[in-house]
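Inspection log for the structure reproduced underneath, given as structure tokens.
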Amino acid sequence: MRVIGKGVNREDGYEKVTGRALFADDHSFPGMLYARVKRSIYPHARILEIDTSRAKALPGVLAVATARDIPGMNVVHVVIDDQPLLADKTVMYVGEPLAVVAAETPEIAEQACDLIDVKYSKLPAVLDILKARGKSSPKIYKDNNVFAHHKIRKGNIEEGFKKADIVLEQIYRTPYQEHAYLEPQGMVAVPRYGSTMEIYGTMQCPFYVQQAVADITGLDLSRVRVVQTYTGGAFGGKEDVPSLVAGQAALLAYHTQRPVKLIYSREEDIISMSKRHPAWIKYRSGVTKDGKLTAVEIEFLFDSGAYSTLSSVVLWRGIVHSVGPYNVPHVKVDAYAVATNKVPCGAFRGFGSPQVIFAAETQMNELAAKLDMDPAQFRSINLLQEGDLTATSQLLDHSVGIGDTLKAALGSSNWRDKRKGSGGTDGSVRKGIGLSTVFYGVGLGAGGKQMARAGAYVQLLRDGSAQFAVGTTEMGQGMRTVLSQIVAEQLGIPYKKVYMIETDTSRVPDSGPTVASRATVMSGNALIKACAPLREILLKRAGIILGQDPQFLIFQDEMIHLEEHPEIAVPLMKVIEDCHHHRENMSHEGWFISPETSWDPETGQGKAYFIYSWATNIAEVEVDIETGQVKVLKITAAHDMGKAINPLLVEGQIEGGALQGMGYGLMEEVLVDEGRIINPNFSTYIIPTVIDAPEFQPIIVEKPFRDGPYGAKGFGELPLMGVAPAVTAAISHALGITLHEIPATPERILEAIQAAKKANLNG
Amino acid sequence: MITINFTVNGQKKELEVKGTATLLEILRDELYLTGTKEGCGKGECGACTVIMDGKAVNSCLILATQADGSEITTIEDLEHDGALHPLQEAFIEAGAVQCGFCIPGFIMSAKAFLDKNHYPTREEIKMAIAGNLCRCTGYRKIIDAIQLAARKMYGEKP
Amino acid sequence: MFDIKIYKPKTLDDALEIKANLLNDIAVLAGGTDLTIRLKEKTIIPKGILDISGLEDLKFVLEDNAILNIGPLCTHNELSDRHTDWGALIDSYAPELGEGCRVLGSPQIRNIATIGGNIVNSSPVGDTIPPLFVLGARLKVQSLKGERYVDIADFATAPGKNVLKPTELLTGIVFEKHRKKDRGFFNKIGQRRALFIAKSSVAFKGSWNGDIFSGVKIALGAVAPTVIFAPETAAFLNDNKLTRDTLDQACNIIRTEGRPINDLRSTVQYRRVVLGALLKKGLLPFLGKK
């Protein structure tokens with residue numbers, strides 16, 4: 001292959017290194033106004049009055065809108081329609097939008113927000129997920145504060161534990177994680193042609209935004225056009241919540257009939273936008289003395305916040321991944337998404353899986369210790385293989401690369417030697433090494449089946465260049481580049497001659513969201529389908545020119561030639577010109593529907609996802625026992641993504657995801673006091689700097705997926721998912737302690753050392 | 001309002017701005033140099049880094065009065081006559097770019113640094129970009145890119 | 001943001017005159033890295049800004065026999081870059097201060113933020129302040145009516161509060177240079193390894209004769225409303241042979257000094273524990289070293 005599998009330069013590299021790439025805030029339109037949002041200061045309160053008269057009277061203010069000024073529906077649709085665009089009767093969390101203002105300058109808009117008087121009557125708030133389901137708790141969602149309950153029932157759980165020689169039960173806790181994309185949320189709404197609305201902004205899912213804007217303005221979907229701008233990071237944080245931002249801007253544009261720009265400040269963004277769900281997890285595993293898992297029983301709660309948003313689907317991915325990539329005959333899982341008066345949680349790289357993976361992998365490491373077995377060996381005994389059934393009884397018939405990733409990572413990291421050489425007596429510093437093995441269900445799965453399709457459009461122009469459009473988005477992950485490579489390979493033209501039109505809802509049909517690591521598989525396949533008729537036309541024309549049967553012709557080096565006789569050839573460029581000359585249709589569409597999935601909600605059994613990607617992470621750390629500080633020395637991460645269409649980008653995904661996972665495991669934590677986020681900026685919400693970053697050893701394993709483009713599976717989320725438990729396992733190995741809560745801050749590590757000392761004294 | 005005179009990317013400018021206007025606001029809103037980004041507004045992320053009188057600074061923390069009389073270089077001044085600066089080339093070639101929002105800031109920090117240190121070690125590079133946050137790359141390829149750029153510009157250490 | 005009047009004096013006298021006339025209604029801009037944030041957050045809304053950032057009169061490092069005199073408008077980078085004359089002087093004669101300047105904020109912040117700004121902000125987490133405590137720095141403070149000197153330890157009274165009068169400006173930072181046997185260090189710890197605010201910090205200075213320190217001074221950051229001395233630890237180490245045992249004892253004593261609080265950065269317990277670790281990290285290299 002010419003382009004597939006090559007680490008070609010990013011398609012959008014030039015625009016990004018020159019500062020020419022226009023992100024949301026870099027767009028301006030004539031007559032543009034600036035918007036600001038008035039937000040709730042209480043976690044739960046009845047709204048008695050919103051007085052906007054003083055704000056409206058301020059010179060330079062063009063519009064002030066509350067829930068009553070919404071022409072369409074006051075709903076931001078995600079799964080269950082419980083979330084309003086602007087709070088009407090009650091506020092449900094600190095930071096919930098109440099009113100929006102458009103003014104000539106951002107300063108005036110901000111001043112006007114300060115002039116809006118809101119009278120509240122405070123209500124008791126639900127803040128603790130462990131109490132929220134109790135009888136005495138105030139009710140904020142139905143009669144039990146539960147948005148969703150999912151379960152798995154496989155085999156017979158009592159039977160499974162009877163067969164176990166060792167049973168381990170632990171409680172685990174994981175924190176909020178903030179996406180900390182560098183570009184904050186932002187949208188510009190532009191009313192056009194008297195009755196339409198265009199939206200430009202930073203987002204993952206233009207079709208969600210289109211729906212939200214149509215719902216709010218009352219316009220038909222056909223009159224709402226959404227164009228994605230360069231998007232400065234997303235990680236799930238620009239999946240559903242940009243609908244809020246766009247709805248707010250569009251509402252004001254609707255009323256003023258002028259373009260309205262709304263850019264969130266970092267504080268506003270952290271306070272009001274989605275996060276990774278904090279979790280409480282009770283995990284019980286049974287294992288025989290020779291190391292076979294017999295049963296796993298899990299109960300877990302996700303702190304969903306005030307509205308259901310994506311919680312139900314996040315929870316669903318959580319249960320499917322909760323057992324890990326292991327062969328377990330008896331499984332019982334019950335999971336609940338619990339309503340609280342806090343910021344709504346949603347999508348974040350891994351989507352409900354990193355929480356349960358932290359528990360599952362820590363459980364595996366501690367079971368190995370109880371068995372006095374190397375954790376890698378313990379895994380090899382239990383890892384899923386081709387022909388095995390997952391916890392949802394899905395038969396894995398091909399592309400199961402977990403064993404290969406384990407082998408590659410163990411070898412590359414010199415695991416065996418380093419595992420023996422833990423501890424150390426060099427002053428206060430101790431060394432350790434730990435691992436995790438994880439899997440990831442690619443695409444929306446049975447939980448999001450209706451949206452599992454994608455469209456594409458390809459046009460081959462007379463100068464030999466091609467442009468294409470898809471419904472999925474580039475947010476930094478490299479989709480533009482990978483899809484351009486696929487089109488170049490398909491059409492036989494140079495990679496540099498391919499251009500992707502910015503994602504725009506008017507170019508292709510609704511292709512679902514850009515989430516779940518699905519863009520390469522879904523849009524890649526749709527593009528291959530769109531290229532097929534073009535290839536056929538090119539071969540047909542080349543056949544006529546060469547006087548040969550097209551079925552014996554192939555594309556190579558910008559030529560089309562007879563497969564057996566390369567000297568019988570015609571330049572591709574000449575064929576393209578000929579096609580245009582003969583009025584061939586050189587633009588085509590492709591439509592791809594994902595392979596089938598299935599699910600029984602009563603038993604939690606079925607083909608949850610059409611394919612899985614696999615990974616092994618090995619972390620090496622140094623811990624200072626006097627300060628509790630951890631230095632991660634190296635992360636070795638071996639990933640099976642079917643086919644690395646661009647290995648350079650794959651490495652970038654592995655490294656960046658691993659550092660996010662390390663941050664999750666060690667330092668990142670959104671702190672909430674009485675429902676209020678108290679660290680809403682980058683000086684208090686701490687993400688890793690370059691000094692904190694370890695050495696990375698990314699390893700690519702390719703077990704082709706038969707329905708993937710060139711064998712590729714999606715994997716963008718996988719690099720983050722298992723890193724936290726690998727790091728905490730390494731810390732545990734270094735210190736001989738156990739950690740059941742992340743982030744493993746120095747404070748928690750010193751506490752764990754103290755606790756271990758006490759236990760030793762007592763024991 | 002105050003009047004400031006300064007040089008931006010080699011061009012002399014005289015502007016009348018609010019007393020509380022920041023250099024970032026002046027560059028983006030008055031001069032339309034939108035390559036410099038605002039990620040936090042508090043000097044914590046480095047996306048707004050520009051070079052002022054030879055030094056990397058957070059333009060979001062510089063008030064107009066401080067920029068008065070200074071010489072400013074932004075990302076827009078690095079590409080000349082269609083030729084990319086070696087740092088820009090290196091960021092593309094090393095795969096150091098993902099979402100790209102932080103990249104102008106990283107390149108400006110790196111430029112101020114390489115202008116003074118032609119043969120840096122990886123540790124020195126890390127110290128020079130410790131005030132720039134990236135959430136996509138894990139930083140390794142950014143360090144690679146700066147090292148590659150140093151070699152493109154100054155060759156191996158004599 | 002709102003508009004505001006800018007006063008940009010050309011000389012120190014002009015600056016003092018503006019201060020004398022406008023008193024409390026004016027905010028002083030030195031490097032501006034904190035002031036700009038406060039203006040944005042509207043935690044202060046002054047009537048005017050006195051921009052002294054261009055006053056060359058207040059940018060100097062002077063060596064006068066045993067004394068170093070630092071201008072408050074020197075940036076942290078100018079005082080810590082060993083490749084420059086000033087940075088080299090500080091590195092030789094006040095290395096703990098050089099270290100404080102080196103680990104504050106980020107490279108971009110250190111290029112702009114000034115030592116005078118760090119002092120006048122009077123935060124318990126200011127990284128130059130514990131080093132100035134152990135150096136016994138005196139602050140030269142001027143108004144139109146004259147000048148006075150304030151001990152660094154008497155300067156800050158509470159977070160963000162100090163004894164500077166509305167008419168006064170900080171115009172010099174004066175301390176004795178290290179003598180040949182003097183040793184000093186500054187260590188801080190935070191949630192990550194760069195670009196962080198201290199959970200706890202320790203500055204140390206003493207005269208080392210091969211196994212005993214004399215003239216010991218220790219100051220602590222982030223464990224009280226202002227930077228404070230650790231007198232008991234200093235007294236214990238003073239003229240006491242440094243051994244693994246006495247070092248361990250000193251670490252235990254230092255953990256009892258200070259009045260840390262629980263906040264979003266750390267806990268009381270942790271802040272106390274790491275005071276010992278930070279002291280130990282600085283003193284361990286002296287064990288068994290003649």
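All residue names refer to the structure tokens as shown: chains lettered A, B, ... in order, residues numbered from 1 in each chain, ligands numbered from 1 in order.
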
Could you list, as a ChimeraX atom specification, every residue within 10 Å of Asp12 in chain A, counting only C-alpha atoms and ignoring same-chain residues fewer than 6 positions away? /A:21,230,474,476,478,480-481,499-500 /B:92,97-100

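Selected on chain C by distance to chain B: Asp3, Ile4, Thr33, Thr36, Ser106, Pro107 and Gln108 of chain C (within 6 Å, counting only C-alpha atoms).
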
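Our summary of the geometry notes that CA of Asn121 in chain C is positioned 20.1 Å from CA of Leu12 in chain C.
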
With a distance cut-off of 10 Å and only C-alpha atoms, select the neighbouring residues of Gly282 in chain C, excluding the residue or stretch itself and same-chain residues fewer than 2 positions from it, and output the selection as a ChimeraX atom specification. /C:184-187,202-204,277-280,284-286

Counting only C-alpha atoms, give me one row per residue of chain B with an atom at most 9 Å from an atom of chain A, showing the shortest contact pair and its distance in Å to one decimal, sorted by chain then residue number, as a Markdown table.
```
| residue | atom | partner | partner_atom | distance |
| --- | --- | --- | --- | --- |
| B:Arg28 | CA | A:Asp26 | CA | 8.3 |
| B:Tyr32 | CA | A:Asp26 | CA | 8.7 |
| B:Leu33 | CA | A:Gly19 | CA | 8.6 |
| B:Thr34 | CA | A:Asp26 | CA | 5.9 |
| B:Gly35 | CA | A:Gly19 | CA | 3.9 |
| B:Thr36 | CA | A:Gly19 | CA | 7.1 |
| B:Lys37 | CA | A:Glu183 | CA | 8.3 |
| B:Glu38 | CA | A:Glu183 | CA | 7.7 |
| B:Gly39 | CA | A:Leu182 | CA | 5.4 |
| B:Cys40 | CA | A:Arg266 | CA | 5.3 |
| B:Gly41 | CA | A:Arg266 | CA | 7.7 |
| B:Lys42 | CA | A:Phe682 | CA | 8.2 |
| B:Gly43 | CA | A:Ser683 | CA | 8.9 |
| B:Glu44 | CA | A:Phe682 | CA | 5.8 |
| B:Cys45 | CA | A:Phe682 | CA | 7.1 |
| B:Ala47 | CA | A:Leu182 | CA | 7.9 |
| B:Ile75 | CA | A:Gly19 | CA | 6.2 |
| B:Glu76 | CA | A:Thr18 | CA | 6.3 |
| B:Asp77 | CA | A:Thr18 | CA | 8.7 |
| B:Leu78 | CA | A:Thr18 | CA | 7.4 |
| B:Glu79 | CA | A:Thr18 | CA | 6.9 |
| B:Leu84 | CA | A:Thr18 | CA | 8.0 |
| B:Leu87 | CA | A:Val17 | CA | 8.7 |
| B:Gln88 | CA | A:Val17 | CA | 5.5 |
| B:Glu89 | CA | A:Val17 | CA | 8.2 |
| B:Phe91 | CA | A:Val17 | CA | 7.2 |
| B:Ile92 | CA | A:Gly13 | CA | 5.5 |
| B:Glu93 | CA | A:Asn9 | CA | 6.1 |
| B:Ala94 | CA | A:Leu648 | CA | 8.3 |
| B:Gly95 | CA | A:Leu648 | CA | 6.4 |
| B:Ala96 | CA | A:Gly652 | CA | 7.8 |
| B:Val97 | CA | A:Gly13 | CA | 6.6 |
| B:Gln98 | CA | A:Gly476 | CA | 4.4 |
| B:Cys99 | CA | A:Gly476 | CA | 3.4 |
| B:Gly100 | CA | A:Lys16 | CA | 5.3 |
| B:Phe101 | CA | A:Gly232 | CA | 5.0 |
| B:Cys102 | CA | A:Leu182 | CA | 6.7 |
| B:Ile103 | CA | A:Val17 | CA | 6.3 |
| B:Pro104 | CA | A:Gly19 | CA | 6.2 |
| B:Ile107 | CA | A:Val17 | CA | 7.9 |
| B:Glu123 | CA | A:Ile691 | CA | 8.7 |
| B:Lys126 | CA | A:Val690 | CA | 6.1 |
| B:Met127 | CA | A:Ile691 | CA | 7.4 |
| B:Ile129 | CA | A:Val690 | CA | 7.2 |
| B:Ala130 | CA | A:Val690 | CA | 5.8 |
| B:Gly131 | CA | A:Thr689 | CA | 7.8 |
| B:Asn132 | CA | A:Thr689 | CA | 7.5 |
| B:Leu133 | CA | A:Thr689 | CA | 6.0 |
| B:Cys134 | CA | A:Leu182 | CA | 7.2 |
| B:Arg135 | CA | A:Tyr181 | CA | 6.2 |
| B:Cys136 | CA | A:Gly656 | CA | 4.9 |
| B:Thr137 | CA | A:Gly656 | CA | 4.1 |
| B:Gly138 | CA | A:Gly656 | CA | 4.0 |
| B:Tyr139 | CA | A:Val690 | CA | 5.8 |
| B:Arg140 | CA | A:Glu695 | CA | 7.5 |
| B:Lys141 | CA | A:Gly652 | CA | 7.6 |
| B:Ile143 | CA | A:Val690 | CA | 8.7 |
```

Can you measure CA of Ile381 in chain A to CA of Lys292 in chain A for me? One decimal in Å is fine.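 So the answer is 6.6 Å.
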
Non-local contacts of range 262-274 of chain C (9 Å; only C-alpha atoms; under 3 positions in same chain excluded) as a PyMOL selection string: (chain A and resi 626-628+671+678-679+684+746-747+750-751) or (chain C and resi 189-191+197-201+222-223+251-252+254-259+277-279)

Using Å and a single decimal, report how far CA of Ser80 in chain C sits from CA of Ile109 in chain C.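 So the answer is 13.0 Å.
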
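Shortest separation to Asp53 in chain B among C:Gly48, C:Asp85, C:Ile112, C:Thr226 occurs at residue C:Ile112, atoms counted being only C-alpha atoms.
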
Set out as a tab-separated table a contact list for range 72-171 of chain C and range 17-30 of chain C with a cut-off of 10 Å, giving each residue of range 72-171 of chain C that qualifies its closest atom pair and distance in Å to one decimal, counting only C-alpha atoms, ordered by chain and rising residue number.
```
residue	atom	partner	partner_atom	distance
C:Pro72	CA	C:Ala30	CA	8.5
C:Leu73	CA	C:Ala30	CA	6.5
C:Cys74	CA	C:Ala30	CA	9.5
C:Thr75	CA	C:Ala30	CA	9.5
C:Ile112	CA	C:Ala30	CA	8.7
C:Ala113	CA	C:Ala30	CA	7.5
C:Thr114	CA	C:Ala30	CA	6.6
C:Ile115	CA	C:Ala30	CA	9.2
C:Gly116	CA	C:Ala30	CA	7.5
C:Gly117	CA	C:Ala30	CA	6.1
C:Asn118	CA	C:Ala30	CA	9.7
C:Val120	CA	C:Val28	CA	9.9
C:Ser143	CA	C:Ala20	CA	7.5
C:Leu144	CA	C:Glu17	CA	6.5
C:Lys145	CA	C:Ala20	CA	9.3
C:Lys165	CA	C:Leu23	CA	8.7
C:Pro166	CA	C:Leu23	CA	5.0
C:Thr167	CA	C:Ala20	CA	4.7
C:Glu168	CA	C:Lys19	CA	7.1
C:Leu169	CA	C:Lys19	CA	8.2
```

Find the residues near Phe552 in chain A: any atom within 12 Å, counting only C-alpha atoms, skip ones fewer than 5 places away on the same chain, and give them as a PDB file with N, CA and C atoms, in the first residue's frame.
```pdb
ATOM      1  N   LEU A 539     -11.458   2.757 -13.762  1.00  0.00           N
ATOM      2  CA  LEU A 539     -10.970   1.524 -14.396  1.00  0.00           C
ATOM      3  C   LEU A 539     -11.660   1.307 -15.752  1.00  0.00           C
ATOM      4  N   LYS A 540     -12.945   1.648 -15.775  1.00  0.00           N
ATOM      5  CA  LYS A 540     -13.686   1.495 -17.030  1.00  0.00           C
ATOM      6  C   LYS A 540     -13.054   2.370 -18.119  1.00  0.00           C
ATOM      7  N   ALA A 542     -10.056   3.720 -18.153  1.00  0.00           N
ATOM      8  CA  ALA A 542      -8.686   3.272 -18.436  1.00  0.00           C
ATOM      9  C   ALA A 542      -8.726   2.068 -19.369  1.00  0.00           C
ATOM     10  N   GLY A 543      -9.722   1.187 -19.142  1.00  0.00           N
ATOM     11  CA  GLY A 543      -9.888   0.000 -19.991  1.00  0.00           C
ATOM     12  C   GLY A 543     -10.143   0.407 -21.435  1.00  0.00           C
ATOM     13  N   LEU A 546      -6.891   1.842 -22.859  1.00  0.00           N
ATOM     14  CA  LEU A 546      -5.854   0.820 -23.080  1.00  0.00           C
ATOM     15  C   LEU A 546      -6.358  -0.339 -23.942  1.00  0.00           C
ATOM     16  N   GLY A 547      -7.656  -0.370 -24.189  1.00  0.00           N
ATOM     17  CA  GLY A 547      -8.224  -1.496 -24.922  1.00  0.00           C
ATOM     18  C   GLY A 547      -8.123  -2.792 -24.145  1.00  0.00           C
ATOM     19  N   ILE A 560      -2.600   3.623 -14.024  1.00  0.00           N
ATOM     20  CA  ILE A 560      -3.441   2.424 -14.031  1.00  0.00           C
ATOM     21  C   ILE A 560      -2.818   1.494 -15.062  1.00  0.00           C
ATOM     22  N   HIS A 561      -2.556   0.270 -14.638  1.00  0.00           N
ATOM     23  CA  HIS A 561      -1.911  -0.636 -15.589  1.00  0.00           C
ATOM     24  C   HIS A 561      -2.470  -2.041 -15.475  1.00  0.00           C
ATOM     25  N   LEU A 562      -2.139  -2.829 -16.474  1.00  0.00           N
ATOM     26  CA  LEU A 562      -2.540  -4.229 -16.494  1.00  0.00           C
ATOM     27  C   LEU A 562      -1.742  -4.947 -15.413  1.00  0.00           C
ATOM     28  N   GLU A 563      -2.440  -5.699 -14.578  1.00  0.00           N
ATOM     29  CA  GLU A 563      -1.771  -6.291 -13.423  1.00  0.00           C
ATOM     30  C   GLU A 563      -0.572  -7.146 -13.837  1.00  0.00           C
ATOM     31  N   GLU A 564      -0.765  -7.939 -14.892  1.00  0.00           N
ATOM     32  CA  GLU A 564       0.310  -8.854 -15.317  1.00  0.00           C
ATOM     33  C   GLU A 564       1.374  -8.150 -16.158  1.00  0.00           C
ATOM     34  N   HIS A 565       0.997  -7.001 -16.757  1.00  0.00           N
ATOM     35  CA  HIS A 565       1.929  -6.303 -17.654  1.00  0.00           C
ATOM     36  C   HIS A 565       1.991  -4.825 -17.310  1.00  0.00           C
ATOM     37  N   PRO A 566       2.800  -4.473 -16.332  1.00  0.00           N
ATOM     38  CA  PRO A 566       2.846  -3.082 -15.865  1.00  0.00           C
ATOM     39  C   PRO A 566       3.195  -2.096 -16.982  1.00  0.00           C
ATOM     40  N   ILE A 568       1.841  -1.937 -19.807  1.00  0.00           N
ATOM     41  CA  ILE A 568       0.603  -1.503 -20.473  1.00  0.00           C
ATOM     42  C   ILE A 568      -0.145  -0.621 -19.476  1.00  0.00           C
ATOM     43  N   ALA A 569       0.113   0.686 -19.602  1.00  0.00           N
ATOM     44  CA  ALA A 569      -0.309   1.589 -18.529  1.00  0.00           C
ATOM     45  C   ALA A 569      -0.755   2.926 -19.089  1.00  0.00           C
TER      46      ALA A 569
END
```

Tell me, as a PyMOL selection string, which residues lie within 12 Å of Pro533 in chain A, counting only C-alpha atoms; anything in the same chain fewer than 2 positions away does not count. chain A and resi 457-460+490-491+527-531+535-540+584-590

Residues at most 9 Å from Leu39 in chain C, counting only C-alpha atoms, excluding those fewer than 4 positions away in the same chain, as a list in words?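 Answer for this query is Thr20 of chain B; Met1, Phe2, Asp34, Leu35, Thr43, Ile44, Ile45 and Pro46 of chain C.
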
Please report, as number ranges by chain, each residue of range 91-257 of chain C to which DSSP assigns strand (DSSP E or B) when run on this structure's backbone. C: 114, 138-143, 146-151, 156-158, 161-162, 169-176, 182-189, 200-208, 212-221, 228-229, 238, 241

Output file for the selection above: C-alpha atoms, as a short mmCIF file (atom, residue, chain, number, x, y, z; two decimals), in the first residue's frame:
```
data_model
loop_
_atom_site.label_atom_id
_atom_site.label_comp_id
_atom_site.auth_asym_id
_atom_site.auth_seq_id
_atom_site.Cartn_x
_atom_site.Cartn_y
_atom_site.Cartn_z
CA THR C 114 9.32 40.88 40.08
CA ARG C 138 15.63 44.34 55.38
CA LEU C 139 13.25 46.13 53.10
CA LYS C 140 13.88 49.74 52.16
CA VAL C 141 10.61 51.60 52.02
CA GLN C 142 10.29 55.17 50.72
CA SER C 143 7.74 57.92 50.65
CA GLY C 146 11.68 59.94 53.64
CA GLU C 147 12.73 56.34 53.98
CA ARG C 148 12.62 53.58 56.55
CA TYR C 149 13.75 49.97 56.82
CA VAL C 150 11.48 47.08 57.75
CA ASP C 151 12.64 43.57 58.62
CA ALA C 156 3.59 40.83 56.10
CA THR C 157 0.86 40.76 58.72
CA ALA C 158 -1.71 38.46 57.12
CA LYS C 161 -1.63 42.40 54.10
CA ASN C 162 1.54 44.23 55.09
CA LEU C 169 6.87 52.14 47.82
CA LEU C 170 9.31 49.28 48.32
CA THR C 171 12.60 50.50 46.84
CA GLY C 172 15.28 48.07 47.95
CA ILE C 173 15.94 44.64 49.44
CA VAL C 174 19.10 44.52 51.49
CA PHE C 175 20.87 41.59 53.13
CA GLU C 176 24.28 40.27 54.04
CA ASP C 182 27.52 29.88 54.79
CA ARG C 183 25.23 27.34 53.18
CA GLY C 184 21.60 27.68 52.29
CA PHE C 185 18.77 26.02 50.43
CA PHE C 186 15.12 26.39 49.54
CA ASN C 187 12.87 23.39 48.94
CA LYS C 188 9.20 23.35 48.11
CA ILE C 189 6.65 20.69 47.27
CA SER C 200 4.85 23.54 52.13
CA SER C 201 8.26 25.11 51.69
CA VAL C 202 11.44 25.36 53.77
CA ALA C 203 14.33 27.81 53.53
CA PHE C 204 17.52 27.22 55.49
CA LYS C 205 20.73 29.11 56.12
CA GLY C 206 23.64 28.31 58.41
CA SER C 207 27.41 28.46 58.71
CA TRP C 208 28.95 25.00 58.20
CA ILE C 212 28.19 21.55 62.87
CA PHE C 213 26.00 24.37 61.70
CA SER C 214 26.01 27.67 63.55
CA GLY C 215 23.91 30.79 63.03
CA VAL C 216 21.06 28.61 61.80
CA LYS C 217 17.92 30.22 60.46
CA ILE C 218 14.95 28.34 59.07
CA ALA C 219 11.80 29.78 57.53
CA LEU C 220 8.62 28.04 56.45
CA GLY C 221 6.19 28.84 53.68
CA ILE C 228 7.30 32.30 59.56
CA PHE C 229 10.53 31.33 61.24
CA ASN C 238 22.49 25.39 66.03
CA LYS C 241 26.62 18.08 65.56
#
```

Taking the DSSP assignment computed from this structure's backbone, write out as JSON, numbers by chain all residues of range 7-203 of chain C that belong to alpha helix (DSSP H). {"C": [12, 13, 14, 15, 16, 17, 18, 19, 20, 21, 22, 35, 36, 37, 38, 39, 40, 41, 76, 77, 78, 79, 80, 85, 86, 87, 88, 89, 90, 91, 92, 93, 95, 96, 97, 98, 99, 100, 101, 102, 107, 108, 109, 110, 115, 116, 117, 118, 119, 120, 121, 129, 130, 131, 132, 133, 134, 152, 153, 154, 155]}

Could you write out the selected residues, including C-alpha atoms, as a compact mmCIF listing (two decimals), in the first residue's frame?
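result-v3.txt, written as the output of this step:
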```txt
# COMPACT_ATOMS: atom_id res chain seq x y z
CA LEU C 12 10.95 57.33 41.51
CA ASP C 13 10.16 60.81 42.86
CA ASP C 14 7.30 61.17 40.41
CA ALA C 15 6.02 57.78 41.49
CA LEU C 16 6.16 58.72 45.16
CA GLU C 17 4.38 61.96 44.45
CA ILE C 18 1.53 60.18 42.70
CA LYS C 19 1.32 57.76 45.62
CA ALA C 20 1.24 60.62 48.10
CA ASN C 21 -1.64 62.26 46.26
CA LEU C 22 -3.80 59.30 45.40
CA LEU C 35 -2.47 42.50 39.49
CA THR C 36 -3.85 41.63 36.04
CA ILE C 37 -5.62 38.57 37.43
CA ARG C 38 -7.11 40.60 40.27
CA LEU C 39 -8.37 43.19 37.83
CA LYS C 40 -9.95 40.46 35.71
CA GLU C 41 -11.56 38.83 38.73
CA HIS C 76 12.74 36.31 39.04
CA ASN C 77 14.51 35.22 35.91
CA GLU C 78 17.07 38.02 36.17
CA LEU C 79 17.89 36.90 39.70
CA SER C 80 18.13 33.18 38.97
CA ASP C 85 25.93 38.84 36.17
CA TRP C 86 23.05 39.34 38.57
CA GLY C 87 22.05 35.72 38.55
CA ALA C 88 25.65 34.66 39.16
CA LEU C 89 25.95 37.06 42.11
CA ILE C 90 22.78 35.73 43.70
CA ASP C 91 23.88 32.16 43.03
CA SER C 92 27.18 32.78 44.84
CA TYR C 93 25.99 34.93 47.72
CA PRO C 95 21.74 30.61 46.62
CA GLU C 96 18.53 29.98 48.58
CA LEU C 97 17.06 33.13 47.07
CA GLY C 98 18.23 32.11 43.61
CA GLU C 99 16.44 28.80 44.09
CA GLY C 100 13.24 30.54 45.26
CA CYS C 101 13.32 32.66 42.11
CA ARG C 102 14.04 29.63 39.93
CA PRO C 107 9.37 30.58 32.63
CA GLN C 108 6.92 33.12 31.21
CA ILE C 109 5.92 34.34 34.68
CA ARG C 110 9.55 34.52 35.85
CA ILE C 115 10.80 40.10 43.46
CA GLY C 116 9.26 43.30 44.81
CA GLY C 117 5.85 42.17 43.64
CA ASN C 118 6.33 38.82 45.34
CA ILE C 119 7.19 40.56 48.61
CA VAL C 120 4.43 43.18 48.52
CA ASN C 121 1.80 40.56 47.64
CA ILE C 129 10.01 35.18 51.00
CA PRO C 130 11.30 32.22 53.07
CA PRO C 131 14.77 32.69 51.53
CA LEU C 132 14.65 36.41 52.38
CA PHE C 133 13.68 35.47 55.96
CA VAL C 134 16.77 33.33 56.46
CA ILE C 152 11.21 41.07 56.14
CA ALA C 153 9.84 39.15 59.12
CA ASP C 154 7.86 42.20 60.24
CA PHE C 155 6.56 43.11 56.81
```

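Proximity of C:Leu242, C:Ala94, C:Ala194, C:Ile6 to chain A, computed with only C-alpha atoms, is greatest for C:Ala194.
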
Choose the residue, out of A:Leu130, A:Ala109, A:Leu115, A:Ala408, that has the smallest atom-to-atom separation from chain C; count only C-alpha atoms. A:Ala109
